[in-house]
$ cat coords-v8.cif   # mmCIF, C-alpha atoms
data_structure
#
loop_
_atom_site.group_PDB
_atom_site.id
_atom_site.type_symbol
_atom_site.label_atom_id
_atom_site.label_comp_id
_atom_site.auth_asym_id
_atom_site.auth_seq_id
_atom_site.Cartn_x
_atom_site.Cartn_y
_atom_site.Cartn_z
ATOM 1 C CA MET A 31 0.000 0.000 0.000
ATOM 2 C CA ASN A 32 1.342 3.427 -0.857
ATOM 3 C CA ARG A 33 1.505 6.421 1.431
ATOM 4 C CA GLU A 34 -1.688 8.008 0.168
ATOM 5 C CA GLY A 35 -3.555 4.760 0.738
ATOM 6 C CA GLU A 36 -2.274 4.474 4.314
ATOM 7 C CA LYS A 37 -3.387 8.004 5.015
ATOM 8 C CA ASN A 38 -6.867 7.246 3.722
ATOM 9 C CA THR A 39 -7.267 4.143 5.875
ATOM 10 C CA LEU A 40 -6.146 6.123 8.896
ATOM 11 C CA LYS A 41 -8.666 8.824 8.110
ATOM 12 C CA ALA A 42 -11.412 6.253 7.723
ATOM 13 C CA ALA A 43 -10.469 4.645 11.032
ATOM 14 C CA ILE A 44 -10.883 7.889 12.995
ATOM 15 C CA LYS A 45 -14.014 9.434 11.595
ATOM 16 C CA PRO A 46 -15.036 12.782 13.050
ATOM 17 C CA LEU A 47 -17.726 12.293 15.651
ATOM 18 C CA LYS A 48 -20.993 14.078 15.026
ATOM 19 C CA THR A 49 -21.321 17.312 16.991
ATOM 20 C CA GLY A 50 -24.324 15.834 18.794
ATOM 21 C CA VAL A 51 -22.193 12.966 20.100
ATOM 22 C CA TRP A 52 -19.702 15.442 21.580
ATOM 23 C CA ALA A 53 -22.525 17.458 23.118
ATOM 24 C CA ALA A 54 -23.950 14.282 24.686
ATOM 25 C CA LEU A 55 -20.536 13.352 26.125
ATOM 26 C CA PHE A 56 -20.178 16.823 27.646
ATOM 27 C CA ALA A 57 -23.705 16.640 29.086
ATOM 28 C CA VAL A 58 -22.946 13.273 30.716
ATOM 29 C CA LEU A 59 -19.731 14.683 32.185
ATOM 30 C CA ALA A 60 -21.620 17.701 33.539
ATOM 31 C CA ALA A 61 -24.198 15.399 35.177
ATOM 32 C CA VAL A 62 -21.440 13.270 36.771
ATOM 33 C CA CYS A 63 -19.820 16.449 38.140
ATOM 34 C CA VAL A 64 -23.105 17.663 39.619
ATOM 35 C CA PHE A 65 -23.627 14.294 41.378
ATOM 36 C CA ALA A 66 -20.046 14.370 42.661
ATOM 37 C CA ILE A 67 -20.507 17.884 44.042
ATOM 38 C CA VAL A 68 -23.784 16.929 45.759
ATOM 39 C CA TRP A 69 -22.048 13.915 47.340
ATOM 40 C CA MET A 70 -19.051 15.981 48.439
ATOM 41 C CA ASN A 71 -21.235 18.601 50.065
ATOM 42 C CA ALA A 72 -22.909 15.954 52.224
ATOM 43 C CA GLY A 73 -19.913 15.178 54.436
ATOM 44 C CA THR A 74 -20.250 13.884 57.994
ATOM 45 C CA GLY A 75 -17.018 15.094 59.590
ATOM 46 C CA THR A 76 -16.919 17.672 62.362
ATOM 47 C CA VAL A 77 -13.181 18.178 62.831
ATOM 48 C CA ALA A 78 -11.654 21.109 60.981
ATOM 49 C CA GLU A 79 -7.987 20.862 60.091
ATOM 50 C CA ILE A 80 -6.002 23.937 59.123
ATOM 51 C CA VAL A 81 -3.213 22.851 56.797
ATOM 52 C CA ARG A 82 -0.429 25.147 55.671
ATOM 53 C CA ASP A 83 2.306 23.954 53.309
ATOM 54 C CA GLY A 84 1.118 20.377 53.706
ATOM 55 C CA GLU A 85 1.319 20.390 57.522
ATOM 56 C CA VAL A 86 -1.672 20.296 59.858
ATOM 57 C CA ILE A 87 -1.090 23.329 62.061
ATOM 58 C CA ARG A 88 -4.330 23.180 64.034
ATOM 59 C CA ARG A 89 -7.264 20.810 64.525
ATOM 60 C CA ILE A 90 -10.549 21.987 65.953
ATOM 61 C CA ASP A 91 -13.578 19.841 66.736
ATOM 62 C CA LEU A 92 -16.335 22.151 65.521
ATOM 63 C CA SER A 93 -19.006 20.169 67.385
ATOM 64 C CA ARG A 94 -17.327 21.101 70.666
ATOM 65 C CA VAL A 95 -16.904 24.785 69.936
ATOM 66 C CA THR A 96 -19.227 26.821 72.161
ATOM 67 C CA ALA A 97 -18.372 30.423 71.382
ATOM 68 C CA LYS A 98 -17.232 32.486 68.437
ATOM 69 C CA GLU A 99 -13.450 32.895 68.244
ATOM 70 C CA THR A 100 -10.986 34.351 65.810
ATOM 71 C CA PHE A 101 -7.282 33.746 65.413
ATOM 72 C CA THR A 102 -4.610 34.478 62.826
ATOM 73 C CA VAL A 103 -2.406 31.994 61.033
ATOM 74 C CA GLY A 104 0.752 32.929 59.181
ATOM 75 C CA ASP A 105 2.623 35.871 58.810
ATOM 76 C CA GLY A 106 6.166 35.096 58.979
ATOM 77 C CA GLU A 107 6.086 37.105 55.715
ATOM 78 C CA GLY A 108 4.156 34.536 53.667
ATOM 79 C CA GLY A 109 0.914 36.432 54.330
ATOM 80 C CA TYR A 110 -1.817 35.997 56.938
ATOM 81 C CA ASN A 111 -5.326 34.554 57.181
ATOM 82 C CA VAL A 112 -7.697 35.485 59.985
ATOM 83 C CA ILE A 113 -9.847 32.461 60.777
ATOM 84 C CA GLU A 114 -13.168 32.583 62.561
ATOM 85 C CA VAL A 115 -14.746 29.630 64.339
ATOM 86 C CA GLU A 116 -18.356 29.306 65.482
ATOM 87 C CA PRO A 117 -20.227 26.283 66.844
ATOM 88 C CA GLY A 118 -20.300 23.850 63.909
ATOM 89 C CA ARG A 119 -18.587 26.016 61.318
ATOM 90 C CA ILE A 120 -15.400 27.770 60.256
ATOM 91 C CA ARG A 121 -14.379 30.424 57.743
ATOM 92 C CA VAL A 122 -11.603 32.755 56.677
ATOM 93 C CA LEU A 123 -12.682 36.164 57.960
ATOM 94 C CA ASP A 124 -9.864 38.188 56.438
ATOM 95 C CA ALA A 125 -6.661 37.654 54.490
ATOM 96 C CA ASP A 126 -4.016 39.638 52.633
ATOM 97 C CA CYS A 127 -3.876 37.360 49.591
ATOM 98 C CA PRO A 128 -4.391 39.068 46.221
ATOM 99 C CA ASP A 129 -7.650 37.398 45.167
ATOM 100 C CA ARG A 130 -9.350 36.921 48.608
ATOM 101 C CA VAL A 131 -11.129 33.865 47.214
ATOM 102 C CA CYS A 132 -10.656 32.150 50.605
ATOM 103 C CA VAL A 133 -12.632 34.938 52.315
ATOM 104 C CA ARG A 134 -15.361 34.930 49.673
ATOM 105 C CA THR A 135 -15.738 31.142 49.958
ATOM 106 C CA GLY A 136 -17.569 31.760 53.242
ATOM 107 C CA TRP A 137 -18.451 29.224 55.921
ATOM 108 C CA LEU A 138 -17.413 25.580 55.869
ATOM 109 C CA SER A 139 -19.281 23.120 58.074
ATOM 110 C CA LYS A 140 -19.797 19.670 56.544
ATOM 111 C CA SER A 141 -18.559 19.788 52.967
ATOM 112 C CA ARG A 142 -15.624 17.681 51.859
ATOM 113 C CA ILE A 143 -14.656 20.547 49.542
ATOM 114 C CA PRO A 144 -12.029 22.448 51.544
ATOM 115 C CA ILE A 145 -11.491 26.193 51.821
ATOM 116 C CA LEU A 146 -8.366 27.009 49.823
ATOM 117 C CA CYS A 147 -6.116 30.023 49.879
ATOM 118 C CA VAL A 148 -3.985 29.211 46.851
ATOM 119 C CA PRO A 149 -1.526 32.130 47.183
ATOM 120 C CA HIS A 150 -0.794 31.205 50.833
ATOM 121 C CA ARG A 151 -0.925 27.437 50.307
ATOM 122 C CA LEU A 152 -3.461 27.287 53.130
ATOM 123 C CA MET A 153 -6.283 24.787 53.316
ATOM 124 C CA ILE A 154 -9.092 24.260 55.810
ATOM 125 C CA ARG A 155 -10.658 20.820 55.505
ATOM 126 C CA ILE A 156 -13.252 18.833 57.410
ATOM 127 C CA THR A 157 -12.307 15.304 58.446
ATOM 128 C CA ASP A 158 -14.026 12.472 60.283
ATOM 129 C CA ALA A 159 -11.013 11.492 62.351
ATOM 130 C CA ASP A 160 -11.122 13.163 65.735
ATOM 131 C CA GLY A 161 -7.698 12.317 67.204
ATOM 132 C CA ALA A 162 -6.374 15.134 69.338
ATOM 133 C CA ALA A 163 -8.542 18.025 68.251
ATOM 134 C CA ASP A 164 -8.780 21.176 70.316
ATOM 135 C CA ALA A 165 -12.220 21.842 71.729
ATOM 136 C CA VAL A 166 -11.679 25.542 71.367
ATOM 137 C CA ALA A 167 -9.420 27.627 69.265
ATOM 138 C CA TYR A 168 -6.850 29.152 71.539
ATOM 139 C CA MET B 260 9.791 33.909 7.480
ATOM 140 C CA ALA B 261 9.419 37.591 8.400
ATOM 141 C CA LYS B 262 5.678 37.313 7.805
ATOM 142 C CA ARG B 263 5.457 34.319 10.095
ATOM 143 C CA LEU B 264 7.477 36.064 12.794
ATOM 144 C CA ALA B 265 5.196 39.086 12.558
ATOM 145 C CA ALA B 266 2.094 36.891 12.783
ATOM 146 C CA ASP B 267 3.449 35.035 15.844
ATOM 147 C CA ALA B 268 4.475 38.266 17.569
ATOM 148 C CA LEU B 269 1.044 39.772 16.936
ATOM 149 C CA LEU B 270 -0.721 36.695 18.328
ATOM 150 C CA LEU B 271 1.558 36.637 21.395
ATOM 151 C CA THR B 272 0.846 40.315 22.028
ATOM 152 C CA ALA B 273 -2.900 39.758 21.717
ATOM 153 C CA ALA B 274 -2.738 36.737 24.058
ATOM 154 C CA LEU B 275 -0.700 38.677 26.639
ATOM 155 C CA ILE B 276 -3.043 41.675 26.618
ATOM 156 C CA ILE B 277 -6.064 39.402 27.043
ATOM 157 C CA PHE B 278 -4.308 37.476 29.846
ATOM 158 C CA ILE B 279 -3.244 40.613 31.752
ATOM 159 C CA VAL B 280 -6.626 42.333 31.418
ATOM 160 C CA GLU B 281 -8.424 39.188 32.582
ATOM 161 C CA ALA B 282 -6.071 38.849 35.566
ATOM 162 C CA ARG B 283 -7.096 42.340 36.711
ATOM 163 C CA ILE B 284 -10.805 41.475 36.786
ATOM 164 C CA PRO B 285 -11.818 40.197 40.234
ATOM 165 C CA PRO B 286 -12.997 36.551 40.122
ATOM 166 C CA ILE B 287 -16.697 36.336 39.281
ATOM 167 C CA VAL B 288 -17.250 33.147 41.260
ATOM 168 C CA PRO B 289 -15.224 32.667 44.458
ATOM 169 C CA VAL B 290 -13.836 29.251 43.547
ATOM 170 C CA PRO B 291 -10.068 28.795 43.474
ATOM 171 C CA GLY B 292 -8.829 28.062 39.962
ATOM 172 C CA VAL B 293 -11.957 29.156 38.119
ATOM 173 C CA LYS B 294 -11.515 31.754 35.399
ATOM 174 C CA LEU B 295 -12.695 32.365 31.859
ATOM 175 C CA GLY B 296 -9.326 31.635 30.263
ATOM 176 C CA LEU B 297 -9.864 34.057 27.404
ATOM 177 C CA ALA B 298 -6.224 33.839 26.277
ATOM 178 C CA ASN B 299 -6.974 30.298 25.115
ATOM 179 C CA ILE B 300 -8.895 31.831 22.204
ATOM 180 C CA ILE B 301 -5.503 32.809 20.785
ATOM 181 C CA THR B 302 -4.019 29.349 21.422
ATOM 182 C CA VAL B 303 -6.892 27.706 19.553
ATOM 183 C CA TYR B 304 -6.607 30.206 16.716
ATOM 184 C CA ALA B 305 -2.833 29.698 16.510
ATOM 185 C CA ILE B 306 -3.049 25.882 16.412
ATOM 186 C CA TRP B 307 -5.449 26.012 13.467
ATOM 187 C CA ARG B 308 -4.019 28.969 11.592
ATOM 188 C CA VAL B 309 -0.258 29.150 12.166
ATOM 189 C CA GLY B 310 0.334 25.546 13.143
ATOM 190 C CA PRO B 311 1.108 23.594 16.329
ATOM 191 C CA ARG B 312 4.814 24.457 16.522
ATOM 192 C CA ASP B 313 4.308 28.221 16.546
ATOM 193 C CA ALA B 314 1.178 27.883 18.693
ATOM 194 C CA PHE B 315 3.258 26.055 21.299
ATOM 195 C CA LEU B 316 5.910 28.795 21.361
ATOM 196 C CA ILE B 317 3.214 31.479 21.647
ATOM 197 C CA LEU B 318 1.613 29.599 24.555
ATOM 198 C CA ILE B 319 4.874 29.118 26.483
ATOM 199 C CA ALA B 320 5.944 32.738 25.937
ATOM 200 C CA ARG B 321 2.521 33.959 27.065
ATOM 201 C CA VAL B 322 2.572 31.820 30.229
ATOM 202 C CA ILE B 323 6.068 33.032 31.204
ATOM 203 C CA LEU B 324 5.573 36.710 30.321
ATOM 204 C CA GLY B 325 2.024 36.710 31.698
ATOM 205 C CA SER B 326 3.239 35.529 35.107
ATOM 206 C CA ILE B 327 5.964 38.170 35.132
ATOM 207 C CA PHE B 328 3.680 41.019 34.051
ATOM 208 C CA THR B 329 0.870 40.136 36.464
ATOM 209 C CA GLY B 330 3.441 39.611 39.242
ATOM 210 C CA GLN B 331 1.816 36.385 40.348
ATOM 211 C CA MET B 332 4.642 33.901 40.259
ATOM 212 C CA MET B 333 2.584 31.381 42.244
ATOM 213 C CA ALA B 334 0.135 31.309 39.355
ATOM 214 C CA PHE B 335 2.935 30.392 36.944
ATOM 215 C CA LEU B 336 3.018 26.693 37.868
ATOM 216 C CA TYR B 337 -0.764 26.403 37.548
ATOM 217 C CA SER B 338 -0.748 28.205 34.194
ATOM 218 C CA LEU B 339 2.074 26.044 32.896
ATOM 219 C CA GLY B 340 0.689 22.704 34.123
ATOM 220 C CA GLY B 341 -2.788 23.534 32.848
ATOM 221 C CA GLY B 342 -1.523 25.079 29.621
ATOM 222 C CA LEU B 343 0.665 22.127 28.646
ATOM 223 C CA LEU B 344 -2.063 19.519 29.192
ATOM 224 C CA CYS B 345 -4.629 21.718 27.456
ATOM 225 C CA PHE B 346 -2.331 22.130 24.458
ATOM 226 C CA ALA B 347 -1.526 18.411 24.219
ATOM 227 C CA ALA B 348 -5.222 17.481 24.388
ATOM 228 C CA MET B 349 -6.204 19.998 21.725
ATOM 229 C CA LEU B 350 -3.473 18.706 19.391
ATOM 230 C CA LEU B 351 -4.707 15.135 19.836
ATOM 231 C CA VAL B 352 -8.344 15.904 19.066
ATOM 232 C CA ARG B 353 -7.474 18.254 16.202
ATOM 233 C CA LYS B 354 -7.204 15.312 13.800
ATOM 234 C CA ILE B 355 -10.738 14.142 14.446
ATOM 235 C CA LEU B 356 -12.461 17.524 14.386
ATOM 236 C CA THR B 357 -13.900 19.239 11.363
ATOM 237 C CA GLU B 358 -13.483 22.944 10.652
ATOM 238 C CA LYS B 359 -16.901 23.616 12.194
ATOM 239 C CA GLN B 360 -16.082 21.672 15.379
ATOM 240 C CA ILE B 361 -13.064 23.722 16.468
ATOM 241 C CA TRP B 362 -14.992 24.933 19.532
ATOM 242 C CA ILE B 363 -15.018 21.318 20.778
ATOM 243 C CA ALA B 364 -11.214 21.427 21.011
ATOM 244 C CA SER B 365 -11.551 24.431 23.296
ATOM 245 C CA VAL B 366 -13.931 22.564 25.634
ATOM 246 C CA ILE B 367 -11.625 19.528 25.756
ATOM 247 C CA GLY B 368 -8.652 21.847 26.243
ATOM 248 C CA ALA B 369 -10.391 23.528 29.188
ATOM 249 C CA LEU B 370 -11.091 20.142 30.812
ATOM 250 C CA PHE B 371 -7.454 19.091 30.448
ATOM 251 C CA HIS B 372 -6.378 22.479 31.787
ATOM 252 C CA ASN B 373 -8.409 21.572 34.881
ATOM 253 C CA ILE B 374 -6.619 18.222 35.141
ATOM 254 C CA GLY B 375 -3.244 19.992 34.935
ATOM 255 C CA GLN B 376 -4.233 22.621 37.508
ATOM 256 C CA THR B 377 -5.459 19.960 39.914
ATOM 257 C CA LEU B 378 -2.251 17.931 39.587
ATOM 258 C CA VAL B 379 -0.161 21.042 40.269
ATOM 259 C CA ALA B 380 -2.371 21.881 43.272
ATOM 260 C CA VAL B 381 -1.964 18.366 44.726
ATOM 261 C CA ALA B 382 1.823 18.744 44.378
ATOM 262 C CA VAL B 383 1.946 22.282 45.800
ATOM 263 C CA PHE B 384 -0.418 21.632 48.739
ATOM 264 C CA ARG B 385 1.078 18.166 49.315
ATOM 265 C CA THR B 386 -2.355 16.699 49.951
ATOM 266 C CA VAL B 387 -4.986 15.055 47.774
ATOM 267 C CA ASN B 388 -7.835 16.902 49.518
ATOM 268 C CA VAL B 389 -7.510 19.784 47.062
ATOM 269 C CA ALA B 390 -8.667 17.341 44.366
ATOM 270 C CA TYR B 391 -12.206 17.671 45.793
ATOM 271 C CA TYR B 392 -12.295 20.836 43.708
ATOM 272 C CA PHE B 393 -11.818 18.805 40.534
ATOM 273 C CA PRO B 394 -15.527 18.210 39.690
ATOM 274 C CA VAL B 395 -16.220 21.892 40.385
ATOM 275 C CA LEU B 396 -13.399 22.882 38.039
ATOM 276 C CA LEU B 397 -14.590 20.463 35.341
ATOM 277 C CA LEU B 398 -18.080 21.918 35.499
ATOM 278 C CA SER B 399 -16.700 25.429 35.124
ATOM 279 C CA GLY B 400 -14.321 24.206 32.402
ATOM 280 C CA LEU B 401 -17.266 22.955 30.351
ATOM 281 C CA VAL B 402 -18.890 26.383 30.493
ATOM 282 C CA THR B 403 -15.781 28.529 29.996
ATOM 283 C CA GLY B 404 -14.388 26.170 27.333
ATOM 284 C CA LEU B 405 -17.657 26.452 25.416
ATOM 285 C CA PHE B 406 -17.559 30.232 25.694
ATOM 286 C CA THR B 407 -13.947 30.633 24.549
ATOM 287 C CA GLY B 408 -14.507 27.939 21.917
ATOM 288 C CA ILE B 409 -17.382 29.821 20.330
ATOM 289 C CA ALA B 410 -15.233 32.972 20.439
ATOM 290 C CA ALA B 411 -12.297 31.157 18.782
ATOM 291 C CA GLN B 412 -14.597 29.688 16.138
ATOM 292 C CA ALA B 413 -15.916 33.164 15.320
ATOM 293 C CA LEU B 414 -12.374 34.588 15.256
ATOM 294 C CA ILE B 415 -11.187 31.925 12.820
ATOM 295 C CA ARG B 416 -14.180 32.550 10.585
ATOM 296 C CA ARG B 417 -13.782 36.336 10.545
ATOM 297 C CA MET B 418 -9.988 36.342 10.199
ATOM 298 C CA ARG B 419 -9.999 34.045 7.196
ATOM 299 C CA GLY B 420 -7.193 35.101 4.852
ATOM 300 C CA LYS B 421 -5.739 37.627 7.305
ATOM 301 C CA ILE B 422 -3.114 36.464 9.845
ATOM 302 C CA GLU B 423 -2.123 33.323 7.947
ATOM 303 C CA PRO B 424 1.523 33.164 7.000
#

$ encode --input "coords-v8.cif" --output "structure tokens"
Amino acid sequence: MNREGEKNTLKAAIKPLKTGVWAALFAVLAAVCVFAIVWMNAGTGTVAEIVRDGEVIRRIDLSRVTAKETFTVGDGEGGYNVIEVEPGRIRVLDADCPDRVCVRTGWLSKSRIPILCVPHRLMIRITDADGAADAVAY
Amino acid sequence: MAKRLAADALLLTAALIIFIVEARIPPIVPVPGVKLGLANIITVYAIWRVGPRDAFLILIARVILGSIFTGQMMAFLYSLGGGLLCFAAMLLVRKILTEKQIWIASVIGALFHNIGQTLVAVAVFRTVNVAYYFPVLLLSGLVTGLFTGIAAQALIRRMRGKIEP
């Protein structure tokens, strides 16, 4: 078989999909994502872990928090995040990162989707494990 | 040669301006990693109209210069990881897309950009928990990829016979 012939067989083997097929694939993917997000939002954990640069720097059992408290993490130059804790929930109240997405994310209580501050490499996640969590933020 | 250089330089300039202007707009939805990705319009256009080799150089130059000009060096790794996977995916599907399906490449590119971003985030944060954002990013990638894809499709149609060395 000559070169031209080979090219034609290759072209026949990978026919362009109809646009509708692509649209259907994207719709299925969107549906899977929506289900995944619904599942992730229905977490059961109560322990918040504040992770900075891959290290857990504080664990707080939100179910044992009785009063509102705020504390600051960071600023040995890498920026700061002011974190607020209330019974059952936690949020970033203020931060000096450029986009402030962590602040705008709002409260986190049950969701498996963590609060992220990408510029400061800070994450607040909810876990099931209760280990040695602080009852209150000190 | 000079014509091709001029075309590449023009596309790089356009991509950089779009990138820098978009970086100055506050995020519409407060989800880390979500953005329109308008500069990808130029990448799509370049792949189809000046060829993959030049498109790749334009992309890499835009990612490097864009990070320097916006002053967000942390964003560089995410841009690069996402950009490389996006580019590779768009090249692969190019062969099976017709001229009227170019927007599909943009959607697939956006999804692979999300994969790249997530991988970089897992490495930077040194935890897999950040990957819980992946379905959220994919959902946004479908929407933004469709938007930039339609824009790229329109650009290619209207620029026919213009910047084509």

$ resolve_selection --input "coords-v8.cif" --expression "the PyMOL selection byres ((chain B and resi 358) around 10)" --output "PyMOL selection string"
chain B and resi 307+353+355-357+359-362+412+415-416

$ resolve_selection --input "coords-v8.cif" --expression "the PyMOL selection byres ((chain B) within 6 of (chain A))" --output "MDAnalysis selection string"
chainID B and resid 289 355:356 384:385 391 394 398

$ resolve_selection --input "coords-v8.cif" --expression "the PyMOL selection byres ((chain A and resi 122) around 6)" --output "MDAnalysis selection string"
chainID A and resid 112:113 121 123:124 133

$ closest_residue --input "coords-v8.cif" --among "B:Leu370, B:Ile409, B:Ala274, B:Ala261" --to "Ile301 of chain B" --atoms "all atoms listed in the file"
B:Ala274

$ closest_residue --input "coords-v8.cif" --among "B:Ser399, B:Gln376, B:Asn388, B:Asn299" --to "Leu339 of chain B" --atoms "all atoms listed in the file"
B:Gln376

$ atom_distance --input "coords-v8.cif" --atom1 "atom CA of Leu271 of chain B" --atom2 "atom CA of Ala380 of chain B"
26.7 Å

$ residues_around --input "coords-v8.cif" --residues "Leu351 of chain B" --least-positions-apart "5" --cutoff "12 Å" --atoms "only C-alpha atoms" --output "JSON list (two decimals) with C-alpha atoms, in the frame of the given file"
[["chain", "number", "residue", "atom", "x", "y", "z"],
["A", 44, "ILE", "CA", -10.88, 7.89, 13.00],
["B", 306, "ILE", "CA", -3.05, 25.88, 16.41],
["B", 311, "PRO", "CA", 1.11, 23.59, 16.33],
["B", 344, "LEU", "CA", -2.06, 19.52, 29.19],
["B", 345, "CYS", "CA", -4.63, 21.72, 27.46],
["B", 346, "PHE", "CA", -2.33, 22.13, 24.46],
["B", 356, "LEU", "CA", -12.46, 17.52, 14.39],
["B", 364, "ALA", "CA", -11.21, 21.43, 21.01],
["B", 367, "ILE", "CA", -11.62, 19.53, 25.76],
["B", 368, "GLY", "CA", -8.65, 21.85, 26.24],
["B", 371, "PHE", "CA", -7.45, 19.09, 30.45]]

$ residues_near_point --input "coords-v8.cif" --point "(-7.4, 21.3, 35.1)" --cutoff "10 Å" --atoms "all atoms listed in the file" --output "number ranges by chain"
B: 292-293, 337-338, 340-342, 344-345, 368-380, 392-394, 396-397, 400

$ build_atoms --input "coords-v8.cif" --residues "segment 264-279 of chain B" --atoms "N, CA and C atoms" --output "tab-separated table (two decimals), keeping the file's coordinate frame"
chain	number	residue	atom	x	y	z
B	264	LEU	N	7.02	35.47	11.53
B	264	LEU	CA	7.48	36.06	12.79
B	264	LEU	C	6.52	37.17	13.23
B	265	ALA	N	6.11	37.99	12.26
B	265	ALA	CA	5.20	39.09	12.56
B	265	ALA	C	3.86	38.54	13.04
B	266	ALA	N	3.37	37.49	12.38
B	266	ALA	CA	2.09	36.89	12.78
B	266	ALA	C	2.18	36.34	14.20
B	267	ASP	N	3.27	35.61	14.51
B	267	ASP	CA	3.45	35.03	15.84
B	267	ASP	C	3.54	36.12	16.91
B	268	ALA	N	4.30	37.18	16.60
B	268	ALA	CA	4.47	38.27	17.57
B	268	ALA	C	3.14	38.96	17.84
B	269	LEU	N	2.35	39.13	16.79
B	269	LEU	CA	1.04	39.77	16.94
B	269	LEU	C	0.12	38.92	17.81
B	270	LEU	N	0.14	37.60	17.55
B	270	LEU	CA	-0.72	36.70	18.33
B	270	LEU	C	-0.27	36.66	19.79
B	271	LEU	N	1.05	36.64	20.02
B	271	LEU	CA	1.56	36.64	21.40
B	271	LEU	C	1.13	37.91	22.12
B	272	THR	N	1.24	39.04	21.43
B	272	THR	CA	0.85	40.32	22.03
B	272	THR	C	-0.64	40.30	22.39
B	273	ALA	N	-1.45	39.82	21.46
B	273	ALA	CA	-2.90	39.76	21.72
B	273	ALA	C	-3.18	38.86	22.92
B	274	ALA	N	-2.52	37.68	22.97
B	274	ALA	CA	-2.74	36.74	24.06
B	274	ALA	C	-2.33	37.35	25.39
B	275	LEU	N	-1.19	38.06	25.40
B	275	LEU	CA	-0.70	38.68	26.64
B	275	LEU	C	-1.65	39.75	27.14
B	276	ILE	N	-2.12	40.60	26.22
B	276	ILE	CA	-3.04	41.68	26.62
B	276	ILE	C	-4.31	41.07	27.23
B	277	ILE	N	-4.85	40.05	26.54
B	277	ILE	CA	-6.06	39.40	27.04
B	277	ILE	C	-5.81	38.81	28.43
B	278	PHE	N	-4.66	38.14	28.58
B	278	PHE	CA	-4.31	37.48	29.85
B	278	PHE	C	-4.20	38.49	30.98
B	279	ILE	N	-3.49	39.61	30.71
B	279	ILE	CA	-3.24	40.61	31.75
B	279	ILE	C	-4.54	41.33	32.13
